[in-house]
file target.txt (compact mmCIF, C-alpha atoms)
# COMPACT_ATOMS: atom_id res chain seq x y z
CA MET A 24 29.37 22.24 -62.69
CA GLU A 25 27.39 19.34 -61.31
CA PHE A 26 29.91 19.06 -58.48
CA ILE A 27 29.16 22.61 -57.35
CA ALA A 28 25.40 21.98 -57.45
CA ASP A 29 25.83 18.79 -55.38
CA PHE A 30 28.01 20.67 -52.91
CA PHE A 31 25.42 23.40 -52.37
CA THR A 32 22.59 20.86 -52.14
CA THR A 33 24.49 18.91 -49.50
CA PHE A 34 25.41 22.12 -47.67
CA TRP A 35 21.77 23.29 -47.73
CA THR A 36 20.62 19.89 -46.40
CA PHE A 37 23.15 20.21 -43.59
CA LEU A 38 21.89 23.71 -42.72
CA GLU A 39 18.30 22.45 -42.66
CA SER A 40 19.26 19.65 -40.24
CA ILE A 41 20.84 22.01 -37.68
CA PRO A 42 17.56 22.75 -35.78
CA GLY A 43 16.94 19.00 -35.40
CA LEU A 44 20.49 18.52 -34.13
CA ILE A 45 20.03 21.32 -31.62
CA ASP A 46 16.73 19.80 -30.44
CA ASP A 47 18.35 16.39 -30.00
CA MET A 48 21.27 17.91 -28.14
CA LEU A 49 19.01 19.87 -25.78
CA ILE A 50 16.93 16.76 -25.10
CA LYS A 51 20.09 14.81 -24.17
CA VAL A 52 21.36 17.63 -21.93
CA GLY A 53 17.95 18.00 -20.28
CA ALA A 54 17.73 14.27 -19.58
CA TRP A 55 21.26 14.30 -18.14
CA VAL A 56 20.38 17.22 -15.85
CA VAL A 57 17.17 15.59 -14.60
CA ILE A 58 18.89 12.25 -13.93
CA ASN A 59 21.78 13.84 -12.05
CA LEU A 60 19.52 16.09 -9.99
CA THR A 61 17.45 13.05 -9.03
CA LYS A 62 20.59 11.17 -7.99
CA ALA A 63 21.73 14.18 -5.95
CA LYS A 64 18.36 14.41 -4.20
CA ILE A 65 18.50 10.70 -3.33
CA ALA A 66 21.98 11.15 -1.87
CA PHE A 67 20.77 14.23 0.03
CA ILE A 68 17.87 12.27 1.53
CA GLY A 69 20.30 9.62 2.77
CA PHE A 70 22.51 12.29 4.32
CA SER A 71 19.49 13.98 5.92
CA TRP A 72 18.37 10.67 7.40
CA ASP A 73 21.81 10.16 8.96
CA VAL A 74 21.66 13.64 10.51
CA ALA A 75 18.10 13.08 11.72
CA ARG A 76 19.04 9.75 13.29
CA GLU A 77 21.89 11.45 15.15
CA ILE A 78 19.50 14.18 16.35
CA LEU A 79 17.02 11.57 17.58
CA ASP A 80 19.82 9.73 19.40
CA GLN A 81 21.09 12.91 21.05
CA LEU A 82 17.62 14.02 22.12
CA ASN A 83 16.98 10.54 23.55
CA VAL A 84 13.54 10.37 21.95
CA SER A 85 13.34 6.55 21.95
CA ASN A 86 13.87 6.23 25.69
CA THR A 87 11.31 8.94 26.38
CA ILE A 88 8.72 7.16 24.25
CA GLU A 89 9.51 3.83 25.93
CA THR A 90 9.15 5.43 29.36
CA TYR A 91 5.73 6.85 28.58
CA TRP A 92 4.73 3.65 26.79
CA GLY A 93 5.44 1.68 29.96
CA GLN A 94 3.11 3.92 31.95
CA LEU A 95 0.07 3.11 29.82
CA ASP A 96 -2.65 0.66 30.83
CA SER A 97 -2.08 -2.93 29.68
CA GLN A 98 -5.32 -3.00 27.65
CA VAL A 99 -4.39 0.20 25.85
CA VAL A 100 -0.90 -1.16 25.18
CA GLY A 101 -2.42 -4.40 23.86
CA VAL A 102 -4.73 -2.62 21.44
CA ALA A 103 -2.05 -0.17 20.34
CA THR A 104 0.43 -2.98 19.77
CA TYR A 105 -2.16 -4.95 17.80
CA LEU A 106 -2.78 -1.90 15.60
CA LYS A 107 1.01 -1.42 15.28
CA LEU A 108 0.79 2.14 16.56
CA PRO A 109 4.37 2.13 17.95
CA GLU A 110 5.79 1.37 14.50
CA ALA A 111 3.57 4.02 12.92
CA LEU A 112 4.58 6.59 15.53
CA ASN A 113 8.24 5.74 14.99
CA MET A 114 7.91 6.15 11.22
CA ILE A 115 6.09 9.49 11.60
CA ILE A 116 8.68 10.87 14.01
CA ASN A 117 11.58 9.73 11.83
CA ALA A 118 9.98 11.22 8.71
CA ARG A 119 9.19 14.56 10.37
CA VAL A 120 12.69 14.94 11.79
CA THR A 121 14.25 14.00 8.44
CA ARG A 122 12.03 16.50 6.65
CA TYR A 123 12.98 19.16 9.20
CA VAL A 124 16.68 18.48 8.62
CA MET A 125 16.16 18.69 4.85
CA ASP A 126 14.42 22.07 5.27
CA VAL A 127 17.17 23.41 7.52
CA ILE A 128 20.09 22.22 5.39
CA GLY A 129 18.76 23.26 2.05
call {"tool": "encode", "arguments": {"input": "target.txt", "output": "C-alpha cells"}}
result
Amino acid sequence: MEFIADFFTTFWTFLESIPGLIDDMLIKVGAWVVINLTKAKIAFIGFSWDVAREILDQLNVSNTIETYWGQLDSQVVGVATYLKLPEALNMIINARVTRYVMDVIG
C-alpha cells in the first residue's frame, strides 16, 4: 500500500514540475532564436557591405570625389585634411550605401 502512495506522490511531483520544465525549455529556445538571428544579421551586414562596395566601384564614386577634391583651394584642403574630413566623408558614404543595400535586399 505504501508503494502505491509513493508512486502517486512521485507522479504528482512530476506533474507539478511540468510548468517549470516548459518555462526552461522556452527560455532555451528563445535564447537559441535570438543568438541565431543575431548571427544571421551579422552575416547579412557583411554581404550588404560587399554589395555596396561593388556599387561604389561601379559608380566610380572614389574617382569623382578625388577629382573634386583636387579642385579645392590648398588652404581648404589643408584644414579639411587636418580635421580628417575625407575619412569622415568616406565612412558616411559607405554607411549610407550599405544601409541602402540592406533596405533594398530585405
call {"tool": "residues_around", "arguments": {"input": "target.txt", "residues": "A:Arg119", "least_positions_apart": "4", "cutoff": "12 Å", "atoms": "all atoms listed in the file", "output": "number ranges by chain"}}
result
A: 71-72, 75-76, 78-79, 112-115, 123-126
call {"tool": "atom_distance", "arguments": {"input": "target.txt", "atom1": "atom CA of A:Val127", "atom2": "atom CA of A:Ile88"}}
result
24.8 Å
call {"tool": "atom_distance", "arguments": {"input": "target.txt", "atom1": "atom CA of A:Asn117", "atom2": "atom CA of A:Glu89"}}
result
15.4 Å
call {"tool": "atom_distance", "arguments": {"input": "target.txt", "atom1": "atom CA of A:Asp80", "atom2": "atom CA of A:Gln94"}}
result
21.7 Å
call {"tool": "closest_residue", "arguments": {"input": "target.txt", "among": "A:Ile45, A:Val120, A:Val84, A:Leu106", "to": "A:Ile68", "atoms": "only C-alpha atoms"}}
result
A:Val120
call {"tool": "closest_residue", "arguments": {"input": "target.txt", "among": "A:Val74, A:Leu60, A:Ala66, A:Met48", "to": "A:Thr121", "atoms": "only C-alpha atoms"}}
result
A:Val74
call {"tool": "residues_around", "arguments": {"input": "target.txt", "residues": "A:Pro109", "least_positions_apart": "6", "cutoff": "12 Å", "atoms": "all atoms listed in the file", "output": "CSV table (one decimal) with C-alpha atoms, in the frame of the given file"}}
result
chain,number,residue,atom,x,y,z
A,85,SER,CA,13.3,6.6,22.0
A,88,ILE,CA,8.7,7.2,24.2
A,89,GLU,CA,9.5,3.8,25.9
A,91,TYR,CA,5.7,6.8,28.6
A,92,TRP,CA,4.7,3.6,26.8
A,99,VAL,CA,-4.4,0.2,25.8
A,100,VAL,CA,-0.9,-1.2,25.2
A,101,GLY,CA,-2.4,-4.4,23.9
A,102,VAL,CA,-4.7,-2.6,21.4
A,103,ALA,CA,-2.0,-0.2,20.3
A,115,ILE,CA,6.1,9.5,11.6
A,116,ILE,CA,8.7,10.9,14.0
call {"tool": "build_atoms", "arguments": {"input": "target.txt", "residues": "stretch 95-107 of chain A", "atoms": "N, CA and C atoms", "output": "PDB file, keeping the file's coordinate frame"}}
result
ATOM      1  N   LEU A  95       1.437   3.284  30.316  1.00  0.00           N
ATOM      2  CA  LEU A  95       0.070   3.110  29.820  1.00  0.00           C
ATOM      3  C   LEU A  95      -0.559   1.850  30.399  1.00  0.00           C
ATOM      4  N   ASP A  96      -1.884   1.813  30.374  1.00  0.00           N
ATOM      5  CA  ASP A  96      -2.650   0.660  30.830  1.00  0.00           C
ATOM      6  C   ASP A  96      -2.384  -0.532  29.907  1.00  0.00           C
ATOM      7  N   SER A  97      -2.420  -1.732  30.468  1.00  0.00           N
ATOM      8  CA  SER A  97      -2.080  -2.930  29.680  1.00  0.00           C
ATOM      9  C   SER A  97      -3.068  -3.161  28.539  1.00  0.00           C
ATOM     10  N   GLN A  98      -4.348  -2.822  28.730  1.00  0.00           N
ATOM     11  CA  GLN A  98      -5.320  -3.000  27.650  1.00  0.00           C
ATOM     12  C   GLN A  98      -5.039  -2.021  26.506  1.00  0.00           C
ATOM     13  N   VAL A  99      -4.708  -0.804  26.863  1.00  0.00           N
ATOM     14  CA  VAL A  99      -4.390   0.200  25.850  1.00  0.00           C
ATOM     15  C   VAL A  99      -3.132  -0.214  25.087  1.00  0.00           C
ATOM     16  N   VAL A 100      -2.143  -0.708  25.824  1.00  0.00           N
ATOM     17  CA  VAL A 100      -0.900  -1.160  25.180  1.00  0.00           C
ATOM     18  C   VAL A 100      -1.188  -2.340  24.251  1.00  0.00           C
ATOM     19  N   GLY A 101      -2.070  -3.253  24.686  1.00  0.00           N
ATOM     20  CA  GLY A 101      -2.420  -4.400  23.860  1.00  0.00           C
ATOM     21  C   GLY A 101      -3.079  -3.993  22.546  1.00  0.00           C
ATOM     22  N   VAL A 102      -4.031  -3.085  22.639  1.00  0.00           N
ATOM     23  CA  VAL A 102      -4.730  -2.620  21.440  1.00  0.00           C
ATOM     24  C   VAL A 102      -3.774  -1.846  20.537  1.00  0.00           C
ATOM     25  N   ALA A 103      -2.987  -0.974  21.126  1.00  0.00           N
ATOM     26  CA  ALA A 103      -2.050  -0.170  20.340  1.00  0.00           C
ATOM     27  C   ALA A 103      -1.005  -1.045  19.665  1.00  0.00           C
ATOM     28  N   THR A 104      -0.537  -2.062  20.363  1.00  0.00           N
ATOM     29  CA  THR A 104       0.430  -2.980  19.770  1.00  0.00           C
ATOM     30  C   THR A 104      -0.207  -3.776  18.641  1.00  0.00           C
ATOM     31  N   TYR A 105      -1.453  -4.216  18.834  1.00  0.00           N
ATOM     32  CA  TYR A 105      -2.160  -4.950  17.800  1.00  0.00           C
ATOM     33  C   TYR A 105      -2.327  -4.093  16.537  1.00  0.00           C
ATOM     34  N   LEU A 106      -2.612  -2.817  16.728  1.00  0.00           N
ATOM     35  CA  LEU A 106      -2.780  -1.900  15.600  1.00  0.00           C
ATOM     36  C   LEU A 106      -1.445  -1.377  15.050  1.00  0.00           C
ATOM     37  N   LYS A 107      -0.360  -1.804  15.683  1.00  0.00           N
ATOM     38  CA  LYS A 107       1.010  -1.420  15.280  1.00  0.00           C
ATOM     39  C   LYS A 107       1.208   0.098  15.353  1.00  0.00           C
TER      40      LYS A 107
END
